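Single-structure report; data block below.
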Amino acid sequence: MPDAPEYKPVEDSVPKVDNAVAVGENLSFQRKWWRFERAVWVFFGLIILADVAGAFGRGPVAKAQQQTDSLTLHYERIERTTTPSTMTFQFAPSAIQQGHVHLFVSQSVIKQLGAQRISPQPEQSILSDGGITYTFPATSANALVEISLEPALPGVYHMETGVPGMQPIQARVVVMP
Amino acid sequence: MAFWTILRAAFGYFFLIFIVRIVGRRPGKQLTPFEFVLIFYLGGLTLTGMVGGEVSLTNAVCQILTVAMCHYGLARIRQRSDRLAEILDGTPLMLLEGNTWRALTMQRTRITDNDVMAMARDQGLKTLDEIDTATLERNGEISIIPKEQED
């Protein structure tokens with residue numbers, strides 16, 4: 001024998017007045033919601049403005065520069081996950097020694113910030129404590145090296161770079177989801 | 001990482017629910033080409049962020065399961081909590097009552113008298129005078145109750 005169906009008495013939660021249509025309108029809630037909606041639209045506008053400014057990466061606010069006697073680093077302090085960007089190293093004449101420049105980059109640049117390729121190709125890459133030291137042939141001042149980045153995961157990462165034996169540059173990079 | 005793809009799927013689902021709720025209630029029969037563009041565009045843009053570079057079948061299956069579970073969970077909570085149901089769906093809103101428009105409601109819900117008249121015609125009504133009440137339902141449809149015929 002099949003199980004009997006379960007029954008529940010009909011209870012209309014909306015009071016019926018003067019045989020009017022039982023709508024269940026809640027205007028006080030709705031007015032609160034409309035106020036909330038207006039606030040949300042303002043918030044959306046602010047988010048878009050912040051985005052255009054680069055507060056979430058890929059804009060003027062995100063771009064940063066740090067300089068020492070031997071090196072100028074152009075980078076983005078706010079990156080986005082799986083979005084390509086370029087970190088540029090500009091060497092001062094004092095960094096060039098015997099036709100070569102050496103550049104140390106910490107492991108976080110390679111791993112967390114997702115270094116994809118380095119241009120120009122280094123003559124030599126040496127694994128050193130906490131990072132890699134690249135060697136490039138260089139004859140002129142203001143030599144440029146670029147590292148293409150594509151971070152895989154969001155987070156806040158600390159990086160260090162510099163010409164070995166000279167003042168290093170330390171930076172914090174925020175990777176947005 | 002698999003965890004992030006699952007998290008992205010769940011975030012995409014809840015974010016879309018929130019956006020659609022904020023953008024307004026005009027789906028269902030009131031879906032004009034104007035809303036079609038919005039729905040497909042939002043869907044496409046969300047998909048880009050959800051899938052990212054991971055286009056494997058495994059990822060797709062896991063993300064679909066995540067969205068299904070989110071939906072199931074939300075539906076269960078909504079069923080038990082009137083407050084959440086109100087937040088997610090809103091409440092029905094009277095648009096026209098006894099030959100009077102609810103002007104503020106019309107303005108806030110971005111519904112015009114032409115939208116109401118279109119629904120009235122759908123029910124075979126010829127003029128606004130024949131409408132007793134017009135209600136914007138929680139699912140976005142406008143229900144029309146005609147005036148009772150005078151003998």
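Each chain of the structure tokens is named A, B, ... in the order shown, its residues numbered from 1; ligands are numbered from 1 in display order.
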Identify all chain B residues at most 9 Å from chain A by counting only C-alpha atoms; ligands do not count. Present them as a list in words. Met1, Trp4, Ile22, Val23, Gly52, Gly53, Glu86, Ile87, Gly90, Thr91, Pro92, Leu93, Met94, Arg108, Thr133, Thr135, Glu137 and Ile145 of chain B
Within 12 Å of segment 166-170 of chain A: each segment 63-154 of chain A residue with its shortest pair, only C-alpha atoms, as a tab-separated table:
residue	atom	partner	partner_atom	distance
A:Gln65	CA	A:Ile169	CA	10.2
A:Gln66	CA	A:Ile169	CA	7.1
A:Gln67	CA	A:Ile169	CA	7.5
A:Thr68	CA	A:Gln167	CA	6.6
A:Asp69	CA	A:Gln167	CA	7.6
A:Ser70	CA	A:Met166	CA	7.2
A:Leu71	CA	A:Ile169	CA	8.5
A:Thr72	CA	A:Ile169	CA	8.9
A:Leu73	CA	A:Ile169	CA	8.0
A:His74	CA	A:Ile169	CA	11.1
A:Tyr75	CA	A:Ile169	CA	11.6
A:Arg77	CA	A:Gln170	CA	11.5
A:Phe89	CA	A:Ile169	CA	10.9
A:Phe91	CA	A:Met166	CA	12.0
A:Ala92	CA	A:Met166	CA	11.8
A:Ser94	CA	A:Met166	CA	9.8
A:Ala95	CA	A:Met166	CA	8.6
A:Ile96	CA	A:Met166	CA	11.9
A:Val101	CA	A:Met166	CA	11.9
A:His102	CA	A:Met166	CA	10.5
A:Leu103	CA	A:Pro168	CA	10.1
A:Phe104	CA	A:Pro168	CA	8.8
A:Val105	CA	A:Ile169	CA	9.7
A:Ser106	CA	A:Gln170	CA	9.6
A:Ser108	CA	A:Gln170	CA	11.4
A:Val109	CA	A:Gln170	CA	11.5
Write out as a list of chain:residue names the residues lying within 7 Å of Thr109 of chain B, counting only C-alpha atoms and excluding same-chain residues fewer than 3 positions away.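 Counting only C-alpha atoms, the residues come to B:Gly24, B:Thr105, B:Met106.
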Suppose we keep N, CA, C and O atoms; can you now write the selection as a PDB file, in the first residue's frame?
ATOM      1  N   GLY B  24      17.297  45.223 -11.343  1.00  0.00           N
ATOM      2  CA  GLY B  24      15.846  45.390 -11.354  1.00  0.00           C
ATOM      3  C   GLY B  24      15.108  44.173 -11.830  1.00  0.00           C
ATOM      4  O   GLY B  24      15.685  43.242 -12.367  1.00  0.00           O
ATOM      5  N   THR B 105       6.485  53.892  -7.038  1.00  0.00           N
ATOM      6  CA  THR B 105       6.819  52.495  -7.346  1.00  0.00           C
ATOM      7  C   THR B 105       7.192  52.344  -8.822  1.00  0.00           C
ATOM      8  O   THR B 105       8.164  51.663  -9.161  1.00  0.00           O
ATOM      9  N   MET B 106       6.405  52.996  -9.693  1.00  0.00           N
ATOM     10  CA  MET B 106       6.682  52.929 -11.134  1.00  0.00           C
ATOM     11  C   MET B 106       8.075  53.496 -11.428  1.00  0.00           C
ATOM     12  O   MET B 106       8.843  52.926 -12.201  1.00  0.00           O
TER      13      MET B 106
END
Could you work out how far atom CA of Phe14 of chain B lies from atom CA of Leu47 of chain B, giving the answer in Å with one decimal? 13.2 Å
For His158 of chain A, list every protein, DNA or RNA residue within 7 Å, evaluated using only C-alpha atoms, and leave out those in the same chain fewer than 5 positions away; present the list as a PyMOL selection string. chain A and resi 108+171-173
Polymer residues at most 12 Å from Arg58 of chain A, only C-alpha atoms, same-chain spacing of 3 or more positions, as a list in words: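 Using only C-alpha atoms, the neighbours found are Ala50, Asp51, Val52, Ala53, Gly54, Ala55, Val61, Ala62, Lys63, Ala64, Tyr75, Glu76, Arg77, Ile78, Glu79, Arg80, Thr81, Thr83, Pro84, Ser85, Thr86, Val175 and Met176 of chain A.
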Output file for the residues above (N, CA, C and O atoms, as an mmCIF file, in the first residue's frame):
data_model
loop_
_atom_site.group_PDB
_atom_site.id
_atom_site.type_symbol
_atom_site.label_atom_id
_atom_site.label_comp_id
_atom_site.auth_asym_id
_atom_site.auth_seq_id
_atom_site.Cartn_x
_atom_site.Cartn_y
_atom_site.Cartn_z
ATOM 1 N N ALA A 50 37.486 53.970 -9.340
ATOM 2 C CA ALA A 50 38.723 53.430 -8.755
ATOM 3 C C ALA A 50 39.421 52.507 -9.750
ATOM 4 O O ALA A 50 40.651 52.507 -9.857
ATOM 5 N N ASP A 51 38.628 51.754 -10.493
ATOM 6 C CA ASP A 51 39.199 50.834 -11.476
ATOM 7 C C ASP A 51 39.904 51.609 -12.587
ATOM 8 O O ASP A 51 41.019 51.266 -12.983
ATOM 9 N N VAL A 52 39.236 52.659 -13.070
ATOM 10 C CA VAL A 52 39.829 53.469 -14.143
ATOM 11 C C VAL A 52 41.136 54.108 -13.644
ATOM 12 O O VAL A 52 42.121 54.194 -14.373
ATOM 13 N N ALA A 53 41.122 54.517 -12.365
ATOM 14 C CA ALA A 53 42.329 55.141 -11.810
ATOM 15 C C ALA A 53 43.449 54.113 -11.623
ATOM 16 O O ALA A 53 44.619 54.479 -11.559
ATOM 17 N N GLY A 54 43.080 52.851 -11.560
ATOM 18 C CA GLY A 54 44.090 51.802 -11.410
ATOM 19 C C GLY A 54 44.208 51.254 -10.004
ATOM 20 O O GLY A 54 45.183 50.579 -9.678
ATOM 21 N N ALA A 55 43.219 51.531 -9.165
ATOM 22 C CA ALA A 55 43.274 51.033 -7.783
ATOM 23 C C ALA A 55 43.227 49.506 -7.732
ATOM 24 O O ALA A 55 43.613 48.908 -6.726
ATOM 25 N N VAL A 61 47.411 54.649 -10.943
ATOM 26 C CA VAL A 61 47.677 54.460 -9.504
ATOM 27 C C VAL A 61 48.526 53.203 -9.263
ATOM 28 O O VAL A 61 49.329 53.150 -8.330
ATOM 29 N N ALA A 62 48.349 52.215 -10.120
ATOM 30 C CA ALA A 62 49.048 50.942 -9.925
ATOM 31 C C ALA A 62 50.527 51.032 -10.292
ATOM 32 O O ALA A 62 51.351 50.264 -9.790
ATOM 33 N N LYS A 63 50.867 51.972 -11.149
ATOM 34 C CA LYS A 63 52.264 52.045 -11.614
ATOM 35 C C LYS A 63 53.160 52.624 -10.513
ATOM 36 O O LYS A 63 52.779 53.559 -9.816
ATOM 37 N N ALA A 64 54.328 52.050 -10.376
ATOM 38 C CA ALA A 64 55.248 52.516 -9.335
ATOM 39 C C ALA A 64 56.677 52.504 -9.867
ATOM 40 O O ALA A 64 56.976 51.865 -10.885
ATOM 41 N N TYR A 75 57.541 49.186 -12.054
ATOM 42 C CA TYR A 75 56.711 47.988 -11.867
ATOM 43 C C TYR A 75 55.282 48.399 -11.538
ATOM 44 O O TYR A 75 54.985 49.591 -11.429
ATOM 45 N N GLU A 76 54.441 47.418 -11.400
ATOM 46 C CA GLU A 76 53.058 47.694 -11.000
ATOM 47 C C GLU A 76 52.864 47.191 -9.585
ATOM 48 O O GLU A 76 53.035 46.000 -9.318
ATOM 49 N N ARG A 77 52.512 48.104 -8.685
ATOM 50 C CA ARG A 77 52.347 47.697 -7.284
ATOM 51 C C ARG A 77 51.055 46.909 -7.092
ATOM 52 O O ARG A 77 50.892 46.209 -6.109
ATOM 53 N N ILE A 78 50.141 47.040 -8.068
ATOM 54 C CA ILE A 78 48.907 46.237 -8.031
ATOM 55 C C ILE A 78 48.810 45.471 -9.350
ATOM 56 O O ILE A 78 48.744 46.074 -10.419
ATOM 57 N N GLU A 79 48.858 44.171 -9.247
ATOM 58 C CA GLU A 79 48.763 43.303 -10.422
ATOM 59 C C GLU A 79 47.418 42.593 -10.400
ATOM 60 O O GLU A 79 46.692 42.649 -9.411
ATOM 61 N N ARG A 80 47.100 41.941 -11.516
ATOM 62 C CA ARG A 80 45.882 41.126 -11.565
ATOM 63 C C ARG A 80 46.246 39.691 -11.929
ATOM 64 O O ARG A 80 47.142 39.477 -12.746
ATOM 65 N N THR A 81 45.524 38.776 -11.346
ATOM 66 C CA THR A 81 45.780 37.357 -11.608
ATOM 67 C C THR A 81 45.635 37.045 -13.094
ATOM 68 O O THR A 81 44.694 37.522 -13.736
ATOM 69 N N THR A 83 46.963 38.111 -15.615
ATOM 70 C CA THR A 83 46.982 39.261 -16.529
ATOM 71 C C THR A 83 48.436 39.683 -16.733
ATOM 72 O O THR A 83 49.144 39.938 -15.758
ATOM 73 N N PRO A 84 48.878 39.743 -17.998
ATOM 74 C CA PRO A 84 50.293 40.053 -18.246
ATOM 75 C C PRO A 84 50.652 41.489 -17.869
ATOM 76 O O PRO A 84 49.839 42.399 -17.987
ATOM 77 N N SER A 85 51.863 41.660 -17.381
ATOM 78 C CA SER A 85 52.400 42.999 -17.113
ATOM 79 C C SER A 85 53.916 42.930 -17.300
ATOM 80 O O SER A 85 54.465 41.837 -17.473
ATOM 81 N N THR A 86 54.540 44.075 -17.289
ATOM 82 C CA THR A 86 55.986 44.112 -17.517
ATOM 83 C C THR A 86 56.677 44.857 -16.389
ATOM 84 O O THR A 86 56.223 45.921 -15.973
ATOM 85 N N VAL A 175 48.484 41.302 -5.656
ATOM 86 C CA VAL A 175 47.893 40.662 -6.838
ATOM 87 C C VAL A 175 46.390 40.497 -6.583
ATOM 88 O O VAL A 175 45.977 39.784 -5.672
ATOM 89 N N MET A 176 45.610 41.187 -7.389
ATOM 90 C CA MET A 176 44.147 41.124 -7.252
ATOM 91 C C MET A 176 43.608 39.828 -7.877
ATOM 92 O O MET A 176 44.198 39.335 -8.830
#
What separates atom CA of Gly73 of chain B and atom CA of Lys8 of chain A is a distance of 24.0 Å
Hey, what's within 10 Å of segment 112-119 of chain B if we count only C-alpha atoms and toss same-chain stuff fewer than 2 positions away? As a VMD selection string, please? chain B and resid 29 to 30 95 to 96 101 103 106 to 107 109 to 110 121 to 128 131 134 to 136 141 to 144
Find the distance between atom CA of Glu54 of chain B and atom CA of Tyr72 of chain B and write it in Å to one decimal.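 Atom CA of Glu54 of chain B sits 24.9 Å away from atom CA of Tyr72 of chain B.
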Going by DSSP on the backbone, which residues of segment 39-127 of chain A come out as helix (DSSP H, G or I)? List them as a PyMOL selection string. chain A and resi 39-53+60-62+93-95+107-110
Residues at most 9 Å from Leu88 of chain B, counting only C-alpha atoms, excluding those fewer than 3 positions away in the same chain, as number ranges by chain? B: 17-18, 21, 78, 83-85
Tell me, which residues of chain A carry DSSP strand (DSSP E), written as an MDAnalysis selection string? chainID A and resid 63:67 71:76 78:80 85:91 100:106 115:119 124:128 131:137 144:149 155:162 169:176
